[in-house]
Amino acid sequence: MGCGSELPPERYDWRRMQLVRVITNFLRLPADRRSLIIEATASLALASAALALLPFRRAIRLGSVSLGKESAGNAERVVSAVETVSRRLPWRNVCIHKGIAAQRMLRRRGFDAVLHYGISNDREGGRLAAHVWVSLDGSPVIGGEEASAYTPVGAFP
């Protein structure tokens, strides 16, 4: 036997079939959707690494890239790609990761996306809670469902 790292044959086959299914589904997507998925994966990985390695003030500004020349593409498709990829990556992606990735992708396409950072005082637990959301023209596009429960303390264009 080895050092116990081998998978039982039935589990190995299941994982292999699952991987083949994911790859097959990805390859069936239109080329523009595939490129959005790849960019969202890279943006989420970059946001995750930045938040782990950089001071917060520098990491939170990662999405504040220069605006692209003109609004190119569909903002909903960008947000959808970030949400889809964040659920499938093997590491945890919370609102701040998704917010930075979405803001970065939207701004590169010419959308004036603003990342908002808010806090809320948990009355029952006495703990401070934080949340990040991204807005376009004042309307939240990602993370907005919970935004009303938080007091904005910072906005990063």
# chains A, B, ... in the order shown; residues from 1 in each chain; ligands from 1

$ residues_around --residues "A:Thr151" --least-positions-apart "4" --cutoff "12 Å" --atoms "only C-alpha atoms" --output "ChimeraX atom specification"
/A:116-121,128-133,146-147,155

$ residues_around --residues "stretch 67-80 of chain A" --least-positions-apart "2" --cutoff "6 Å" --atoms "only C-alpha atoms" --output "number ranges by chain"
A: 82-84, 107-111

$ closest_residue --among "A:Val153, A:Leu106, A:Ala101, A:Ala81" --to "A:Arg34" --atoms "only C-alpha atoms"
A:Ala81

$ select_by_dssp --residues "stretch 2-156 of chain A" --states "strand (DSSP E)" --output "PyMOL selection string"
chain A and resi 113-121+128-136+139-142+151-156

$ write_last_selection --atoms "C-alpha atoms" --output "mmCIF file, in the first residue's frame"
data_model
loop_
_atom_site.group_PDB
_atom_site.id
_atom_site.type_symbol
_atom_site.label_atom_id
_atom_site.label_comp_id
_atom_site.auth_asym_id
_atom_site.auth_seq_id
_atom_site.Cartn_x
_atom_site.Cartn_y
_atom_site.Cartn_z
ATOM 1 C CA ALA A 113 -17.609 50.438 -10.971
ATOM 2 C CA VAL A 114 -17.271 51.573 -7.353
ATOM 3 C CA LEU A 115 -16.362 49.171 -4.547
ATOM 4 C CA HIS A 116 -18.094 49.985 -1.248
ATOM 5 C CA TYR A 117 -16.896 48.837 2.148
ATOM 6 C CA GLY A 118 -19.421 48.859 4.977
ATOM 7 C CA ILE A 119 -19.615 47.833 8.607
ATOM 8 C CA SER A 120 -22.400 46.789 10.924
ATOM 9 C CA ASN A 121 -22.481 46.264 14.646
ATOM 10 C CA LEU A 128 -18.285 44.176 14.215
ATOM 11 C CA ALA A 129 -19.238 42.776 10.799
ATOM 12 C CA ALA A 130 -18.029 43.990 7.416
ATOM 13 C CA HIS A 131 -19.355 43.650 3.877
ATOM 14 C CA VAL A 132 -18.229 44.665 0.386
ATOM 15 C CA TRP A 133 -20.412 45.392 -2.624
ATOM 16 C CA VAL A 134 -19.883 46.906 -6.061
ATOM 17 C CA SER A 135 -22.179 49.438 -7.688
ATOM 18 C CA LEU A 136 -22.634 50.902 -11.149
ATOM 19 C CA SER A 139 -27.039 50.546 -8.086
ATOM 20 C CA PRO A 140 -25.391 47.479 -6.550
ATOM 21 C CA VAL A 141 -24.424 44.797 -9.068
ATOM 22 C CA ILE A 142 -22.713 42.323 -6.743
ATOM 23 C CA THR A 151 -23.128 51.522 6.971
ATOM 24 C CA PRO A 152 -20.729 52.513 4.179
ATOM 25 C CA VAL A 153 -17.343 53.618 5.522
ATOM 26 C CA GLY A 154 -15.343 53.684 2.308
ATOM 27 C CA ALA A 155 -15.750 53.746 -1.453
ATOM 28 C CA PHE A 156 -13.001 52.933 -3.907
#

$ select_by_dssp --residues "chain A" --states "helix (DSSP H, G or I)" --output "PyMOL selection string"
chain A and resi 9-28+31-53+56-63+75-88+95-108+144-147
